[in-house]
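Novice: Hey, dropping input_3.txt in here, compact mmCIF, C-alpha atoms and all ligand atoms:
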```txt
# COMPACT_ATOMS: atom_id res chain seq x y z
CA MET A 1385 39.10 100.75 43.18
CA LEU A 1386 35.47 101.19 44.15
CA ARG A 1387 33.21 98.38 42.93
CA PHE A 1388 31.19 100.85 40.85
CA TYR A 1389 34.24 101.75 38.76
CA SER A 1390 35.31 98.10 38.44
CA THR A 1391 31.81 97.26 37.16
CA ILE A 1392 31.89 100.06 34.58
CA LEU A 1393 35.37 98.97 33.48
CA PHE A 1394 34.10 95.39 33.17
CA ALA A 1395 31.12 96.61 31.05
CA ILE A 1396 33.45 98.52 28.68
CA LEU A 1397 35.88 95.60 28.29
CA ALA A 1398 33.01 93.13 27.80
CA THR A 1399 31.48 95.42 25.16
CA ILE A 1400 34.79 95.51 23.25
CA ALA A 1401 35.07 91.72 23.51
CA LEU A 1402 31.52 91.26 22.18
CA ILE A 1403 32.19 93.65 19.26
CA LEU A 1404 35.35 91.74 18.37
CA ALA A 1405 33.52 88.42 18.64
CA ASP A 1406 30.85 89.76 16.28
CA VAL A 1407 27.98 88.31 18.34
CA SER A 1408 24.25 89.01 18.03
CA ALA A 1409 22.45 91.93 19.67
CA ILE A 1410 21.02 89.59 22.33
CA ALA A 1411 24.48 89.19 23.87
CA PHE A 1412 24.79 92.98 24.28
CA ILE A 1413 21.29 93.22 25.77
CA ALA A 1414 22.11 90.42 28.24
CA LEU A 1415 25.37 92.14 29.23
CA TYR A 1416 23.73 95.53 29.88
CA LEU A 1417 20.86 93.90 31.74
CA ILE A 1418 23.30 92.14 34.07
CA VAL A 1419 25.34 95.33 34.59
CA SER A 1420 22.15 97.34 35.29
CA VAL A 1421 21.01 94.82 37.92
CA ILE A 1422 24.43 94.90 39.60
CA VAL A 1423 24.46 98.73 39.65
CA PHE A 1424 20.88 98.83 40.99
CA LEU A 1425 21.76 96.42 43.80
CA GLY A 1426 24.85 98.53 44.51
CA VAL A 1427 22.61 101.58 44.95
CA ILE A 1428 20.15 99.98 47.36
CA LYS A 1429 22.50 97.65 49.25
CA ILE A 1430 24.99 99.66 51.28
CA GLU A 1431 26.81 96.47 52.33
CA MET A 1432 27.94 95.92 48.72
CA GLN A 1433 30.41 98.84 49.20
CA PHE A 1434 29.63 99.93 45.66
CA PHE A 1435 29.94 103.72 45.77
CA ALA A 1436 31.53 104.22 49.17
CA LYS A 1437 33.29 102.13 51.76
CA SER A 1438 30.87 101.54 54.61
CA LEU A 1439 31.43 99.79 57.92
CA CYS A 1440 28.61 97.24 58.08
CA ARG A 1441 29.80 94.39 60.29
CA GLY A 1442 32.34 93.88 63.03
CA ASP A 1443 34.62 90.93 63.76
CA LYS A 1444 32.89 87.72 62.65
CA THR A 1445 34.86 85.69 65.18
CA LYS A 1446 33.57 87.59 68.21
CA GLN A 1447 30.19 86.98 69.80
CA GLU A 1448 29.49 90.72 69.74
CA VAL A 1449 26.71 92.80 68.17
CA ALA A 1450 25.89 96.51 68.04
CA ILE A 1451 22.47 98.16 67.99
CA THR A 1452 21.76 101.34 66.01
CA PHE A 1453 18.74 103.61 65.61
CA ASP A 1454 17.89 105.88 62.68
CA ASP A 1455 15.55 108.81 62.09
CA GLY A 1456 15.28 110.29 65.61
CA PRO A 1457 15.11 112.21 67.78
CA HIS A 1458 11.50 111.24 68.37
CA ARG A 1459 9.18 111.08 71.37
CA ASN A 1460 9.82 107.29 71.47
CA THR A 1461 13.57 107.90 71.89
CA LEU A 1462 13.16 108.40 75.64
CA LYS A 1463 11.51 104.96 75.99
CA VAL A 1464 14.37 103.49 73.97
CA LEU A 1465 16.93 105.17 76.24
CA ASP A 1466 15.24 103.73 79.35
CA ILE A 1467 15.37 100.18 77.96
CA LEU A 1468 19.03 100.63 76.98
CA ASP A 1469 19.83 101.87 80.50
CA LYS A 1470 17.96 98.92 82.04
CA TYR A 1471 20.36 96.51 80.32
CA SER A 1472 23.42 98.82 80.37
CA VAL A 1473 23.62 98.84 76.58
CA LYS A 1474 25.29 101.61 74.59
CA ALA A 1475 23.83 102.21 71.12
CA GLY A 1476 24.41 104.44 68.10
CA PHE A 1477 21.78 107.03 67.11
CA PHE A 1478 21.87 108.42 63.57
CA ILE A 1479 19.85 111.58 63.90
CA ILE A 1480 18.16 113.94 61.45
CA GLY A 1481 19.58 117.45 61.94
CA LYS A 1482 16.27 119.31 61.59
CA LYS A 1483 14.55 117.06 64.13
CA ALA A 1484 17.51 117.48 66.49
CA ASN A 1485 17.13 121.27 66.42
CA GLU A 1486 13.41 120.87 67.09
CA ASN A 1487 13.93 118.39 69.97
CA PRO A 1488 17.18 119.47 71.66
CA ASP A 1489 16.25 117.99 75.06
CA ILE A 1490 15.95 114.50 73.59
CA VAL A 1491 19.32 114.78 71.85
CA LYS A 1492 20.89 115.93 75.11
CA GLU A 1493 19.44 112.83 76.82
CA ILE A 1494 21.01 110.59 74.16
CA THR A 1495 24.47 112.07 74.64
CA ASN A 1496 24.17 112.45 78.43
CA ARG A 1497 23.44 108.73 78.71
CA GLY A 1498 26.64 107.91 76.84
CA HIS A 1499 25.38 106.93 73.40
CA ILE A 1500 27.03 107.88 70.13
CA ILE A 1501 25.23 110.18 67.72
CA GLY A 1502 25.92 110.45 64.01
CA ASN A 1503 24.74 112.30 60.91
CA HIS A 1504 21.69 110.96 59.07
CA SER A 1505 21.28 114.10 56.89
CA TYR A 1506 19.58 117.37 57.85
CA TYR A 1507 16.20 116.94 56.15
CA HIS A 1508 16.07 113.21 55.22
CA LYS A 1509 13.90 113.97 52.21
CA GLY A 1510 13.14 111.41 49.51
CA ALA A 1511 15.17 113.46 47.02
CA PHE A 1512 18.28 113.44 49.24
CA ASP A 1513 20.22 111.21 46.87
CA ILE A 1514 19.44 113.13 43.68
CA GLN A 1515 20.43 116.64 44.73
CA SER A 1516 23.61 118.24 43.41
CA ARG A 1517 26.94 117.35 44.98
CA LYS A 1518 27.22 120.89 46.39
CA LYS A 1519 23.75 120.81 47.95
CA MET A 1520 24.41 117.41 49.48
CA VAL A 1521 27.69 118.55 51.03
CA ASN A 1522 25.91 121.67 52.36
CA GLU A 1523 23.11 119.57 53.88
CA LEU A 1524 25.51 117.15 55.54
CA THR A 1525 27.64 120.07 56.80
CA LYS A 1526 24.54 121.64 58.34
CA ALA A 1527 23.69 118.36 60.08
CA ASN A 1528 27.30 118.08 61.33
CA GLU A 1529 27.11 121.61 62.74
CA THR A 1530 23.92 120.65 64.58
CA ILE A 1531 25.63 117.59 66.06
CA LYS A 1532 28.62 119.69 67.10
CA SER A 1533 26.28 122.08 68.93
CA PHE A 1534 25.39 119.13 71.20
CA THR A 1535 28.66 117.25 71.49
CA GLY A 1536 31.16 120.06 71.08
CA GLU A 1537 33.10 117.80 68.71
CA GLU A 1538 33.43 117.48 64.93
CA ASN A 1539 31.27 114.62 63.74
CA LYS A 1540 32.64 112.09 61.26
CA LEU A 1541 29.95 109.41 61.37
CA PHE A 1542 27.38 109.27 58.64
CA ARG A 1543 24.64 106.83 57.80
CA PRO A 1544 23.21 107.41 54.31
CA PRO A 1545 19.41 107.90 54.37
CA TYR A 1546 17.60 104.70 53.27
CA GLY A 1547 21.01 103.05 53.02
CA ILE A 1548 21.16 104.30 49.46
CA THR A 1549 24.50 105.20 47.96
CA ASN A 1550 25.32 106.55 44.51
CA PRO A 1551 28.15 108.58 42.95
CA ILE A 1552 26.86 111.80 44.63
CA VAL A 1553 26.71 110.23 48.10
CA GLY A 1554 30.13 108.65 47.47
CA TYR A 1555 31.53 112.07 46.54
CA ALA A 1556 30.10 113.76 49.67
CA ILE A 1557 31.49 111.05 51.96
CA LYS A 1558 34.97 111.40 50.45
CA LYS A 1559 34.93 115.18 50.25
CA MET A 1560 33.90 115.56 53.90
CA GLY A 1561 36.08 112.70 55.19
CA LEU A 1562 33.04 110.97 56.70
CA ILE A 1563 32.96 107.39 57.95
CA SER A 1564 29.95 105.71 56.40
CA ILE A 1565 28.22 103.34 58.79
CA GLY A 1566 25.89 100.73 57.35
CA TRP A 1567 24.36 97.62 58.93
CA SER A 1568 24.26 93.89 58.43
CA VAL A 1569 20.82 93.19 59.92
CA ARG A 1570 17.91 95.26 58.64
CA SER A 1571 14.91 94.81 60.94
CA LEU A 1572 12.39 96.41 58.55
CA ASP A 1573 10.69 97.72 61.71
CA THR A 1574 9.23 100.67 59.78
CA SER A 1575 7.38 98.46 57.32
CA ILE A 1576 6.55 95.23 59.25
CA LYS A 1577 3.66 96.05 61.56
CA ASP A 1578 3.83 93.01 63.87
CA PRO A 1579 6.55 93.51 66.54
CA ASP A 1580 6.99 89.72 66.93
CA LYS A 1581 7.69 89.37 63.22
CA VAL A 1582 10.30 92.15 63.39
CA CYS A 1583 12.00 90.38 66.28
CA ARG A 1584 11.94 86.98 64.57
CA ARG A 1585 13.49 88.55 61.46
CA VAL A 1586 16.34 89.90 63.59
CA TYR A 1587 16.82 86.61 65.51
CA LYS A 1588 17.11 84.73 62.21
CA ARG A 1589 19.73 87.05 60.76
CA VAL A 1590 21.90 88.00 63.71
CA LYS A 1591 25.45 86.63 63.67
CA PRO A 1592 28.72 87.42 65.43
CA GLY A 1593 29.73 90.98 64.49
CA SER A 1594 26.24 92.01 63.38
CA VAL A 1595 25.18 95.65 63.33
CA ILE A 1596 21.40 95.83 63.78
CA LEU A 1597 19.32 98.63 62.27
CA LEU A 1598 16.25 99.80 64.20
CA HIS A 1599 14.30 103.07 64.21
CA ASP A 1600 13.32 105.00 67.34
CA THR A 1601 10.34 106.28 65.31
CA THR A 1602 8.75 102.79 65.24
CA LYS A 1603 5.55 102.56 67.30
CA ASP A 1604 6.45 99.49 69.41
CA ILE A 1605 10.18 100.02 69.38
CA ASP A 1606 10.44 99.66 73.19
CA VAL A 1607 8.88 96.17 73.06
CA ILE A 1608 10.95 95.18 70.01
CA LEU A 1609 14.18 96.45 71.56
CA GLU A 1610 13.65 94.71 74.90
CA ASN A 1611 12.85 91.40 73.18
CA ILE A 1612 15.91 91.66 70.97
CA ILE A 1613 18.19 92.51 73.89
CA LYS A 1614 16.83 89.56 75.90
CA TYR A 1615 17.32 87.23 72.91
CA LEU A 1616 20.90 88.41 72.43
CA ILE A 1617 21.74 88.00 76.11
CA ASN A 1618 20.14 84.52 76.20
CA ASN A 1619 22.23 83.54 73.18
CA ASN A 1620 25.47 84.71 74.78
CA TYR A 1621 25.93 87.79 72.62
CA LYS A 1622 27.66 90.79 74.11
CA ILE A 1623 25.98 94.02 73.00
CA VAL A 1624 28.74 96.55 72.43
CA SER A 1625 29.07 100.13 71.16
CA LEU A 1626 29.85 100.96 67.53
CA LYS A 1627 33.29 102.06 68.60
CA LYS A 1628 33.95 98.67 70.15
CA ILE A 1629 32.51 96.59 67.30
CA PHE A 1630 34.52 98.38 64.60
CA GLY A 1631 37.70 98.78 66.66
CA THR A 1632 40.47 100.72 64.96
CA LYS A 1633 38.53 101.08 61.67
CA PHE A 1634 36.32 103.52 63.51
CA ASP A 1635 39.10 106.09 63.84
CA ILE A 1636 40.13 106.17 60.17
ZN ZN B 1 16.50 107.10 57.74
```
What's the structure tokens form of this structure?
Specialist:
Amino acid sequence: MLRFYSTILFAILATIALILADVSAIAFIALYLIVSVIVFLGVIKIEMQFFAKSLCRGDKTKQEVAITFDDGPHRNTLKVLDILDKYSVKAGFFIIGKKANENPDIVKEITNRGHIIGNHSYYHKGAFDIQSRKKMVNELTKANETIKSFTGEENKLFRPPYGITNPIVGYAIKKMGLISIGWSVRSLDTSIKDPDKVCRRVYKRVKPGSVILLHDTTKDIDVILENIIKYLINNNYKIVSLKKIFGTKFDI
């Protein structure tokens, strides 16, 4: 059972128990406050697997990590691709369908150089998560069609915008048979302005099996990426593709 449903079931059973115990109103308030915090964290933290199963980390016993980029294609993507080539690293790019149609040459470069691309919605608007189930499925289908126009293959990989999941996103993932891909290391490269700080944040959090989230839209992403790759190599990490880090789970 998804953790969202288990939490709701827990809230109902706890409410019944509190009614039977004839406790004060404070106990009910405390219960609903706790449940609300848990649900809120489940919405913003994809790794909690609250509304959908998401692949967020590979094998913890292997000294392997994967690097992923969101929100492209972007003019910086080409710089990113050159750094990846320099170190023979294969990454995952979760692209925005509309941007892909506007920048087809960049998307072709990503696929020609052997990287994986996945669906990161068609518009990536702030209201993505609160549209109707039908509209969300339509948007994700449109983004999948865009990806197919480049790869020739049906796309199954999806990274929820902002890493936010809720019952609507969970429905769309299930309905379309998508594989939700999360992360275990969030670089915050779109909000932290100092590239060194972004890198230090990643160094501190990276562990065997980590999936690192970066954005090719970040201003100094080439510097950040090269520093991170060098750090990983110096610390005996093998940088592998998403397919490799998730193994057989990737084909479900
Ligand atoms: Zn995004």
Novice: Taking 6 positions as the minimum chain separation for residues in the same chain, which residues sit within 9 Å of Phe1435 (chain A) when counting only C-alpha atoms? Answer as a count of residues only.
Specialist: 13
Novice: The residues within 10 Å of (31.2, 98.1, 74.4), using only C-alpha atoms and the coordinates of the file, should be reported as a list of chain:residue names; which are they?
Specialist: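 Those residues, ordered by chain and then number, are A:Glu1448, A:Val1449, A:Ala1450, A:Ser1472, A:Val1473, A:Lys1474, A:Ala1475, A:Lys1622, A:Ile1623, A:Val1624, A:Ser1625, A:Leu1626, A:Lys1627, A:Lys1628, A:Ile1629.
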Novice: Using only C-alpha atoms, determine which residues lie at most 9 Å from Phe1412 (chain A), disregarding the query and same-chain residues fewer than 3 positions distant; provide the list as an MDAnalysis selection string.
Specialist: chainID A and resid 1398:1399 1402:1403 1407:1409 1415:1417
Novice: Can you tell me, as AutoDock Vina command-line options, the centre and edge lengths (Å, one decimal) of the axis-aligned box enclosing all of region 1625-1631 of chain A's listed atoms after padding each side by 6 Å?
Specialist:
```
--center_x 33.4 --center_y 99.3 --center_z 67.9 --size_x 20.6 --size_y 17.5 --size_z 18.6
```
Novice: Please report as JSON lines every residue of chain A lying within 8 Å of ligand ZN 1 (chain B), along with the nearest atom pair and their distance in Å (one decimal), using only C-alpha atoms and all ligand atoms.
Specialist:
```
{"residue": "A:Asp1454", "atom": "CA", "partner": "B:ZN1", "partner_atom": "ZN", "distance": 5.3}
{"residue": "A:Asp1455", "atom": "CA", "partner": "B:ZN1", "partner_atom": "ZN", "distance": 4.8}
{"residue": "A:Ile1480", "atom": "CA", "partner": "B:ZN1", "partner_atom": "ZN", "distance": 8.0}
{"residue": "A:His1504", "atom": "CA", "partner": "B:ZN1", "partner_atom": "ZN", "distance": 6.6}
{"residue": "A:His1508", "atom": "CA", "partner": "B:ZN1", "partner_atom": "ZN", "distance": 6.6}
{"residue": "A:Pro1544", "atom": "CA", "partner": "B:ZN1", "partner_atom": "ZN", "distance": 7.5}
{"residue": "A:Pro1545", "atom": "CA", "partner": "B:ZN1", "partner_atom": "ZN", "distance": 4.5}
{"residue": "A:Tyr1546", "atom": "CA", "partner": "B:ZN1", "partner_atom": "ZN", "distance": 5.2}
{"residue": "A:Gly1547", "atom": "CA", "partner": "B:ZN1", "partner_atom": "ZN", "distance": 7.7}
{"residue": "A:His1599", "atom": "CA", "partner": "B:ZN1", "partner_atom": "ZN", "distance": 7.9}
```
